[in-house]
file structure07.cif (mmCIF, C-alpha atoms, pLDDT in the B column; chains and numbers go by the auth columns)
data_protein
loop_
_atom_site.group_PDB
_atom_site.id
_atom_site.type_symbol
_atom_site.label_atom_id
_atom_site.label_comp_id
_atom_site.label_asym_id
_atom_site.label_seq_id
_atom_site.Cartn_x
_atom_site.Cartn_y
_atom_site.Cartn_z
_atom_site.B_iso_or_equiv
_atom_site.auth_seq_id
_atom_site.auth_asym_id
ATOM 1 C CA GLN A 1 30.328 56.895 -73.967 80.00 1 A
ATOM 2 C CA VAL A 2 28.130 55.020 -71.528 83.00 2 A
ATOM 3 C CA GLN A 3 30.227 53.380 -68.858 94.00 3 A
ATOM 4 C CA LEU A 4 29.631 51.660 -65.523 96.00 4 A
ATOM 5 C CA VAL A 5 32.590 51.074 -63.220 97.00 5 A
ATOM 6 C CA GLU A 6 32.384 48.843 -60.162 97.00 6 A
ATOM 7 C CA SER A 7 34.699 49.095 -57.176 97.00 7 A
ATOM 8 C CA GLY A 8 34.912 47.943 -53.579 98.00 8 A
ATOM 9 C CA GLY A 9 35.422 44.226 -54.050 97.00 9 A
ATOM 10 C CA GLY A 10 38.027 42.277 -52.146 97.00 10 A
ATOM 11 C CA LEU A 11 38.745 39.465 -49.722 98.00 11 A
ATOM 12 C CA VAL A 12 36.727 39.286 -46.529 98.00 12 A
ATOM 13 C CA GLN A 13 36.144 36.673 -43.856 98.00 13 A
ATOM 14 C CA PRO A 14 32.732 35.046 -43.356 98.00 14 A
ATOM 15 C CA GLY A 15 30.512 37.364 -41.355 98.00 15 A
ATOM 16 C CA GLY A 16 32.303 40.431 -42.649 98.00 16 A
ATOM 17 C CA SER A 17 31.062 43.337 -44.749 98.00 17 A
ATOM 18 C CA LEU A 18 31.887 45.064 -47.997 98.00 18 A
ATOM 19 C CA ARG A 19 30.365 47.988 -49.850 98.00 19 A
ATOM 20 C CA LEU A 20 30.404 47.901 -53.614 98.00 20 A
ATOM 21 C CA SER A 21 30.070 51.052 -55.696 98.00 21 A
ATOM 22 C CA CYS A 22 28.874 51.445 -59.253 97.00 22 A
ATOM 23 C CA ALA A 23 29.787 54.772 -60.807 97.00 23 A
ATOM 24 C CA ALA A 24 28.157 55.807 -64.056 94.00 24 A
ATOM 25 C CA SER A 25 29.728 58.050 -66.659 92.00 25 A
ATOM 26 C CA GLY A 26 28.513 59.239 -70.016 90.00 26 A
ATOM 27 C CA PHE A 27 24.935 59.290 -68.789 88.00 27 A
ATOM 28 C CA THR A 28 23.034 60.061 -65.609 89.00 28 A
ATOM 29 C CA LEU A 29 21.327 57.391 -63.570 88.00 29 A
ATOM 30 C CA ASP A 30 18.161 59.445 -63.346 88.00 30 A
ATOM 31 C CA TYR A 31 15.285 57.521 -64.890 90.00 31 A
ATOM 32 C CA TYR A 32 17.220 54.276 -64.894 93.00 32 A
ATOM 33 C CA VAL A 33 16.954 50.891 -63.266 95.00 33 A
ATOM 34 C CA ILE A 34 20.289 49.851 -61.771 96.00 34 A
ATOM 35 C CA GLY A 35 20.955 46.283 -60.786 97.00 35 A
ATOM 36 C CA TRP A 36 23.666 44.192 -59.181 98.00 36 A
ATOM 37 C CA PHE A 37 24.382 40.722 -60.502 98.00 37 A
ATOM 38 C CA ARG A 38 26.955 38.101 -59.625 98.00 38 A
ATOM 39 C CA GLN A 39 28.536 35.123 -61.266 98.00 39 A
ATOM 40 C CA ALA A 40 30.456 32.423 -59.475 96.00 40 A
ATOM 41 C CA PRO A 41 32.761 30.013 -61.319 92.00 41 A
ATOM 42 C CA GLY A 42 30.789 27.392 -63.153 94.00 42 A
ATOM 43 C CA LYS A 43 27.459 29.049 -62.396 96.00 43 A
ATOM 44 C CA GLU A 44 25.081 31.257 -64.305 96.00 44 A
ATOM 45 C CA ARG A 45 24.880 34.967 -63.688 96.00 45 A
ATOM 46 C CA GLU A 46 22.205 35.720 -61.106 96.00 46 A
ATOM 47 C CA GLY A 47 20.442 38.881 -60.089 97.00 47 A
ATOM 48 C CA VAL A 48 21.225 40.096 -56.589 98.00 48 A
ATOM 49 C CA SER A 49 19.426 43.395 -56.195 98.00 49 A
ATOM 50 C CA CYS A 50 18.097 46.336 -58.175 97.00 50 A
ATOM 51 C CA ILE A 51 16.668 49.779 -57.628 96.00 51 A
ATOM 52 C CA ASN A 52 14.388 52.195 -59.428 95.00 52 A
ATOM 53 C CA SER A 53 16.321 55.480 -59.442 91.00 53 A
ATOM 54 C CA VAL A 54 13.117 57.554 -59.448 91.00 54 A
ATOM 55 C CA ASN A 55 10.821 56.003 -56.832 93.00 55 A
ATOM 56 C CA GLY A 56 13.486 54.088 -54.888 93.00 56 A
ATOM 57 C CA ASN A 57 11.670 50.758 -55.107 96.00 57 A
ATOM 58 C CA THR A 58 14.033 47.854 -54.635 97.00 58 A
ATOM 59 C CA ASN A 59 14.159 44.134 -55.282 97.00 59 A
ATOM 60 C CA TYR A 60 16.367 41.474 -53.729 98.00 60 A
ATOM 61 C CA ALA A 61 17.173 37.854 -54.365 98.00 61 A
ATOM 62 C CA ASN A 62 15.956 35.625 -51.540 97.00 62 A
ATOM 63 C CA SER A 63 19.531 34.537 -50.851 97.00 63 A
ATOM 64 C CA VAL A 64 20.590 38.072 -49.854 98.00 64 A
ATOM 65 C CA LYS A 65 17.446 39.518 -48.255 98.00 65 A
ATOM 66 C CA GLY A 66 18.181 40.968 -44.843 97.00 66 A
ATOM 67 C CA ARG A 67 21.938 41.002 -45.522 98.00 67 A
ATOM 68 C CA PHE A 68 22.416 43.227 -48.576 98.00 68 A
ATOM 69 C CA THR A 69 21.133 46.750 -49.103 98.00 69 A
ATOM 70 C CA ILE A 70 21.091 48.660 -52.366 98.00 70 A
ATOM 71 C CA SER A 71 21.057 52.443 -52.401 96.00 71 A
ATOM 72 C CA ARG A 72 21.679 55.241 -54.814 93.00 72 A
ATOM 73 C CA ASP A 73 23.147 58.721 -54.701 91.00 73 A
ATOM 74 C CA ASN A 74 21.840 60.482 -57.771 85.00 74 A
ATOM 75 C CA ALA A 75 24.013 63.528 -57.069 89.00 75 A
ATOM 76 C CA LYS A 76 27.116 61.337 -57.285 94.00 76 A
ATOM 77 C CA ASN A 77 25.666 59.264 -60.124 94.00 77 A
ATOM 78 C CA THR A 78 26.537 56.183 -58.089 96.00 78 A
ATOM 79 C CA VAL A 79 24.732 53.119 -56.785 97.00 79 A
ATOM 80 C CA TYR A 80 25.950 51.133 -53.803 98.00 80 A
ATOM 81 C CA LEU A 81 25.532 47.585 -52.572 98.00 81 A
ATOM 82 C CA GLN A 82 26.165 47.207 -48.851 98.00 82 A
ATOM 83 C CA MET A 83 26.861 43.558 -48.115 98.00 83 A
ATOM 84 C CA ASN A 84 26.771 42.396 -44.506 98.00 84 A
ATOM 85 C CA SER A 85 27.014 38.969 -42.887 98.00 85 A
ATOM 86 C CA LEU A 86 28.859 37.688 -45.910 98.00 86 A
ATOM 87 C CA LYS A 87 28.960 33.963 -46.542 98.00 87 A
ATOM 88 C CA VAL A 88 31.381 31.804 -48.482 97.00 88 A
ATOM 89 C CA GLU A 89 28.647 31.250 -51.065 97.00 89 A
ATOM 90 C CA ASP A 90 28.578 34.985 -51.784 98.00 90 A
ATOM 91 C CA THR A 91 31.938 34.619 -53.498 98.00 91 A
ATOM 92 C CA ALA A 92 31.589 35.751 -57.107 98.00 92 A
ATOM 93 C CA VAL A 93 32.336 38.478 -59.588 98.00 93 A
ATOM 94 C CA TYR A 94 29.800 41.226 -59.009 98.00 94 A
ATOM 95 C CA TYR A 95 28.531 43.314 -61.902 98.00 95 A
ATOM 96 C CA CYS A 96 26.368 46.377 -62.008 97.00 96 A
ATOM 97 C CA ALA A 97 24.001 46.969 -64.875 97.00 97 A
ATOM 98 C CA ALA A 98 21.586 49.662 -65.960 95.00 98 A
ATOM 99 C CA ASN A 99 18.635 50.157 -68.249 94.00 99 A
ATOM 100 C CA PRO A 100 16.222 53.017 -68.864 92.00 100 A
ATOM 101 C CA LEU A 101 13.030 52.836 -66.857 91.00 101 A
ATOM 102 C CA PRO A 102 10.140 51.447 -68.918 88.00 102 A
ATOM 103 C CA VAL A 103 7.705 53.565 -66.930 87.00 103 A
ATOM 104 C CA VAL A 104 8.037 56.468 -64.515 87.00 104 A
ATOM 105 C CA ASP A 105 5.600 56.137 -61.626 89.00 105 A
ATOM 106 C CA GLN A 106 5.530 55.315 -57.925 88.00 106 A
ATOM 107 C CA TYR A 107 4.692 51.656 -58.433 90.00 107 A
ATOM 108 C CA TYR A 108 7.217 50.151 -60.815 92.00 108 A
ATOM 109 C CA THR A 109 9.600 47.720 -59.134 90.00 109 A
ATOM 110 C CA PRO A 110 12.343 46.431 -61.421 92.00 110 A
ATOM 111 C CA GLY A 111 13.169 42.786 -61.993 92.00 111 A
ATOM 112 C CA LEU A 112 16.331 40.757 -61.608 94.00 112 A
ATOM 113 C CA GLY A 113 16.547 39.224 -65.051 91.00 113 A
ATOM 114 C CA ALA A 114 19.847 39.939 -66.763 87.00 114 A
ATOM 115 C CA TYR A 115 18.034 40.250 -70.095 87.00 115 A
ATOM 116 C CA GLU A 116 16.349 43.405 -68.786 88.00 116 A
ATOM 117 C CA TYR A 117 19.612 45.354 -68.671 93.00 117 A
ATOM 118 C CA GLY A 118 21.488 46.819 -71.596 92.00 118 A
ATOM 119 C CA HIS A 119 24.531 48.453 -70.006 94.00 119 A
ATOM 120 C CA TRP A 120 27.040 46.452 -67.994 96.00 120 A
ATOM 121 C CA GLY A 121 30.202 47.102 -66.017 97.00 121 A
ATOM 122 C CA GLN A 122 33.329 44.971 -66.059 96.00 122 A
ATOM 123 C CA GLY A 123 32.807 43.472 -62.624 97.00 123 A
ATOM 124 C CA THR A 124 34.596 43.370 -59.288 98.00 124 A
ATOM 125 C CA GLN A 125 35.711 40.230 -57.464 98.00 125 A
ATOM 126 C CA VAL A 126 34.303 39.466 -54.039 98.00 126 A
ATOM 127 C CA THR A 127 35.900 36.572 -52.178 98.00 127 A
ATOM 128 C CA VAL A 128 34.582 35.394 -48.830 98.00 128 A
ATOM 129 C CA SER A 129 37.024 33.022 -47.196 96.00 129 A
ATOM 130 C CA LEU A 130 38.796 32.239 -43.935 92.00 130 A
#
call {"tool": "encode", "arguments": {"input": "structure07.cif", "output": "structure tokens"}}
result
Amino acid sequence: QVQLVESGGGLVQPGGSLRLSCAASGFTLDYYVIGWFRQAPGKEREGVSCINSVNGNTNYANSVKGRFTISRDNAKNTVYLQMNSLKVEDTAVYYCAANPLPVVDQYYTPGLGAYEYGHWGQGTQVTVSL
């Protein structure tokens, strides 16, 4: 059974940091695109970051560039999202998602459209507040 489980969410003050983890079971993340998305109350789900598990190419939303870093540990079958300099507007439920790579080469950089991902986790709450 394909499963993605997020962890690491919580309450943090503005300017603080959190590291989210996305652990995969039932399949290996090799040859997959893994993405992080978030959804705040009353807003649409938006792509935050994603990574090509083969070539390591990454993509970030403009709102998190320079603050968030995505990484993967294929041996642990886990993808991480390091979030620094957190802002109140980063408050949301964060989801990880995965989809098989459409092509295996050194050039492919995945996108941040939710429609591109077929497997989803249940989400973890991140709250940034004083």
call {"tool": "resolve_selection", "arguments": {"input": "structure07.cif", "expression": "the PyMOL selection byres ((chain A and resi 36-42) around 8)", "output": "number ranges by chain"}}
result
A: 34-35, 43-50, 81, 91-97, 114
call {"tool": "residues_around", "arguments": {"input": "structure07.cif", "residues": "segment 62-72 of chain A", "least_positions_apart": "5", "cutoff": "12 Å", "atoms": "only C-alpha atoms", "output": "PyMOL selection string"}}
result
chain A and resi 15-24+28-30+32-38+46-57+77-87+89-90+96+112
call {"tool": "resolve_selection", "arguments": {"input": "structure07.cif", "expression": "the PyMOL selection byres ((chain A and resi 129) around 7)", "output": "VMD selection string"}}
result
chain A and resid 12 to 14 88 127 to 128 130
call {"tool": "residues_around", "arguments": {"input": "structure07.cif", "residues": "Val2 of chain A", "least_positions_apart": "2", "cutoff": "8 Å", "atoms": "only C-alpha atoms", "output": "list in words"}}
result
Leu4, Ala24, Ser25, Gly26, Phe27 and His119 of chain A
call {"tool": "closest_residue", "arguments": {"input": "structure07.cif", "among": "A:Val103, A:Ala75, A:Ala98, A:Val126", "to": "Gly10 of chain A", "atoms": "all atoms listed in the file"}}
result
A:Val126
call {"tool": "axis_aligned_box", "arguments": {"input": "structure07.cif", "around": "segment 20-39 of chain A", "padding_each_side": "5 Å", "output": "AutoDock Vina command-line options"}}
result
--center_x 22.8 --center_y 47.6 --center_z -61.8 --size_x 25.1 --size_y 34.9 --size_z 26.4
call {"tool": "atom_distance", "arguments": {"input": "structure07.cif", "atom1": "atom CA of Trp120 of chain A", "atom2": "atom CA of Gln3 of chain A"}}
result
7.7 Å
call {"tool": "atom_distance", "arguments": {"input": "structure07.cif", "atom1": "atom CA of Thr124 of chain A", "atom2": "atom CA of Asn59 of chain A"}}
result
20.8 Å
call {"tool": "atom_distance", "arguments": {"input": "structure07.cif", "atom1": "atom CA of Pro100 of chain A", "atom2": "atom CA of Thr58 of chain A"}}
result
15.3 Å
call {"tool": "decode", "arguments": {"input": "structure07.cif", "residues": "segment 52-85 of chain A", "atoms": "N, CA, C and O atoms", "output": "mmCIF file, in the first residue's frame"}}
result
data_model
loop_
_atom_site.group_PDB
_atom_site.id
_atom_site.type_symbol
_atom_site.label_atom_id
_atom_site.label_comp_id
_atom_site.auth_asym_id
_atom_site.auth_seq_id
_atom_site.Cartn_x
_atom_site.Cartn_y
_atom_site.Cartn_z
ATOM 1 N N ASN A 52 13.306 16.388 -7.775
ATOM 2 C CA ASN A 52 13.478 15.217 -8.624
ATOM 3 C C ASN A 52 14.414 14.267 -7.871
ATOM 4 O O ASN A 52 15.558 14.627 -7.602
ATOM 5 N N SER A 53 13.929 13.093 -7.522
ATOM 6 C CA SER A 53 14.706 12.187 -6.662
ATOM 7 C C SER A 53 15.933 11.624 -7.369
ATOM 8 O O SER A 53 16.822 11.079 -6.711
ATOM 9 N N VAL A 54 16.001 11.737 -8.690
ATOM 10 C CA VAL A 54 17.136 11.178 -9.427
ATOM 11 C C VAL A 54 18.233 12.223 -9.620
ATOM 12 O O VAL A 54 19.377 12.014 -9.233
ATOM 13 N N ASN A 55 17.884 13.375 -10.222
ATOM 14 C CA ASN A 55 18.927 14.363 -10.508
ATOM 15 C C ASN A 55 19.041 15.453 -9.453
ATOM 16 O O ASN A 55 19.944 16.286 -9.507
ATOM 17 N N GLY A 56 18.100 15.469 -8.485
ATOM 18 C CA GLY A 56 18.169 16.448 -7.406
ATOM 19 C C GLY A 56 17.690 17.834 -7.767
ATOM 20 O O GLY A 56 17.742 18.738 -6.925
ATOM 21 N N ASN A 57 17.214 18.032 -8.996
ATOM 22 C CA ASN A 57 16.706 19.359 -9.362
ATOM 23 C C ASN A 57 15.524 19.727 -8.492
ATOM 24 O O ASN A 57 14.675 18.893 -8.174
ATOM 25 N N THR A 58 15.467 20.993 -8.117
ATOM 26 C CA THR A 58 14.426 21.467 -7.218
ATOM 27 C C THR A 58 13.683 22.657 -7.798
ATOM 28 O O THR A 58 14.153 23.315 -8.735
ATOM 29 N N ASN A 59 12.529 22.929 -7.211
ATOM 30 C CA ASN A 59 11.700 24.051 -7.622
ATOM 31 C C ASN A 59 11.062 24.627 -6.368
ATOM 32 O O ASN A 59 10.712 23.870 -5.448
ATOM 33 N N TYR A 60 10.946 25.946 -6.325
ATOM 34 C CA TYR A 60 10.390 26.606 -5.147
ATOM 35 C C TYR A 60 9.392 27.671 -5.567
ATOM 36 O O TYR A 60 9.579 28.360 -6.572
ATOM 37 N N ALA A 61 8.367 27.839 -4.755
ATOM 38 C CA ALA A 61 7.478 28.977 -4.925
ATOM 39 C C ALA A 61 8.239 30.247 -4.574
ATOM 40 O O ALA A 61 9.107 30.237 -3.690
ATOM 41 N N ASN A 62 7.908 31.339 -5.250
ATOM 42 C CA ASN A 62 8.609 32.603 -4.986
ATOM 43 C C ASN A 62 8.491 33.020 -3.528
ATOM 44 O O ASN A 62 9.414 33.617 -2.972
ATOM 45 N N SER A 63 7.366 32.692 -2.908
ATOM 46 C CA SER A 63 7.114 33.134 -1.533
ATOM 47 C C SER A 63 8.039 32.464 -0.514
ATOM 48 O O SER A 63 8.149 32.959 0.615
ATOM 49 N N VAL A 64 8.688 31.365 -0.889
ATOM 50 C CA VAL A 64 9.535 30.653 0.079
ATOM 51 C C VAL A 64 10.998 30.583 -0.354
ATOM 52 O O VAL A 64 11.839 30.067 0.404
ATOM 53 N N LYS A 65 11.321 31.085 -1.519
ATOM 54 C CA LYS A 65 12.708 31.040 -1.998
ATOM 55 C C LYS A 65 13.639 31.742 -1.021
ATOM 56 O O LYS A 65 13.344 32.835 -0.534
ATOM 57 N N GLY A 66 14.753 31.098 -0.729
ATOM 58 C CA GLY A 66 15.723 31.657 0.197
ATOM 59 C C GLY A 66 15.427 31.337 1.654
ATOM 60 O O GLY A 66 16.265 31.577 2.526
ATOM 61 N N ARG A 67 14.228 30.819 1.930
ATOM 62 C CA ARG A 67 13.857 30.481 3.313
ATOM 63 C C ARG A 67 13.653 28.986 3.514
ATOM 64 O O ARG A 67 13.965 28.454 4.573
ATOM 65 N N PHE A 68 13.127 28.317 2.513
ATOM 66 C CA PHE A 68 12.836 26.880 2.609
ATOM 67 C C PHE A 68 13.825 26.102 1.753
ATOM 68 O O PHE A 68 14.247 26.565 0.685
ATOM 69 N N THR A 69 14.156 24.906 2.218
ATOM 70 C CA THR A 69 15.043 24.026 1.460
ATOM 71 C C THR A 69 14.486 22.615 1.469
ATOM 72 O O THR A 69 14.198 22.067 2.546
ATOM 73 N N ILE A 70 14.340 22.044 0.293
ATOM 74 C CA ILE A 70 13.881 20.664 0.177
ATOM 75 C C ILE A 70 15.087 19.771 -0.037
ATOM 76 O O ILE A 70 16.056 20.151 -0.707
ATOM 77 N N SER A 71 15.037 18.585 0.557
ATOM 78 C CA SER A 71 16.125 17.626 0.381
ATOM 79 C C SER A 71 15.558 16.223 0.482
ATOM 80 O O SER A 71 14.435 16.033 0.934
ATOM 81 N N ARG A 72 16.337 15.271 0.021
ATOM 82 C CA ARG A 72 15.849 13.899 0.115
ATOM 83 C C ARG A 72 16.966 12.989 0.602
ATOM 84 O O ARG A 72 18.148 13.258 0.379
ATOM 85 N N ASP A 73 16.549 11.932 1.274
ATOM 86 C CA ASP A 73 17.456 10.880 1.722
ATOM 87 C C ASP A 73 16.877 9.583 1.174
ATOM 88 O O ASP A 73 15.969 8.996 1.767
ATOM 89 N N ASN A 74 17.376 9.184 0.019
ATOM 90 C CA ASN A 74 16.815 8.005 -0.635
ATOM 91 C C ASN A 74 17.006 6.751 0.217
ATOM 92 O O ASN A 74 16.164 5.850 0.190
ATOM 93 N N ALA A 75 18.078 6.690 0.984
ATOM 94 C CA ALA A 75 18.319 5.522 1.828
ATOM 95 C C ALA A 75 17.241 5.392 2.901
ATOM 96 O O ALA A 75 16.877 4.273 3.290
ATOM 97 N N LYS A 76 16.743 6.529 3.370
ATOM 98 C CA LYS A 76 15.699 6.521 4.400
ATOM 99 C C LYS A 76 14.303 6.633 3.783
ATOM 100 O O LYS A 76 13.310 6.659 4.505
ATOM 101 N N ASN A 77 14.270 6.749 2.445
ATOM 102 C CA ASN A 77 12.988 6.871 1.757
ATOM 103 C C ASN A 77 12.172 8.050 2.312
ATOM 104 O O ASN A 77 10.964 7.954 2.519
ATOM 105 N N THR A 78 12.872 9.146 2.536
ATOM 106 C CA THR A 78 12.269 10.307 3.198
ATOM 107 C C THR A 78 12.699 11.593 2.491
ATOM 108 O O THR A 78 13.836 11.711 2.031
ATOM 109 N N VAL A 79 11.766 12.523 2.430
ATOM 110 C CA VAL A 79 12.042 13.862 1.910
ATOM 111 C C VAL A 79 11.782 14.861 3.032
ATOM 112 O O VAL A 79 10.851 14.687 3.826
ATOM 113 N N TYR A 80 12.608 15.890 3.071
ATOM 114 C CA TYR A 80 12.520 16.886 4.134
ATOM 115 C C TYR A 80 12.224 18.264 3.556
ATOM 116 O O TYR A 80 12.567 18.557 2.407
ATOM 117 N N LEU A 81 11.603 19.099 4.376
ATOM 118 C CA LEU A 81 11.433 20.503 4.038
ATOM 119 C C LEU A 81 11.913 21.304 5.244
ATOM 120 O O LEU A 81 11.242 21.332 6.281
ATOM 121 N N GLN A 82 13.082 21.908 5.103
ATOM 122 C CA GLN A 82 13.615 22.777 6.150
ATOM 123 C C GLN A 82 13.042 24.169 5.939
ATOM 124 O O GLN A 82 13.225 24.759 4.861
ATOM 125 N N MET A 83 12.368 24.673 6.947
ATOM 126 C CA MET A 83 11.701 25.970 6.848
ATOM 127 C C MET A 83 12.327 26.920 7.859
ATOM 128 O O MET A 83 12.237 26.691 9.069
ATOM 129 N N ASN A 84 12.966 27.955 7.359
ATOM 130 C CA ASN A 84 13.604 28.955 8.206
ATOM 131 C C ASN A 84 12.923 30.309 8.025
ATOM 132 O O ASN A 84 12.181 30.521 7.067
ATOM 133 N N SER A 85 13.182 31.200 8.942
ATOM 134 C CA SER A 85 12.619 32.561 8.880
ATOM 135 C C SER A 85 11.116 32.516 8.639
ATOM 136 O O SER A 85 10.588 33.217 7.767
#
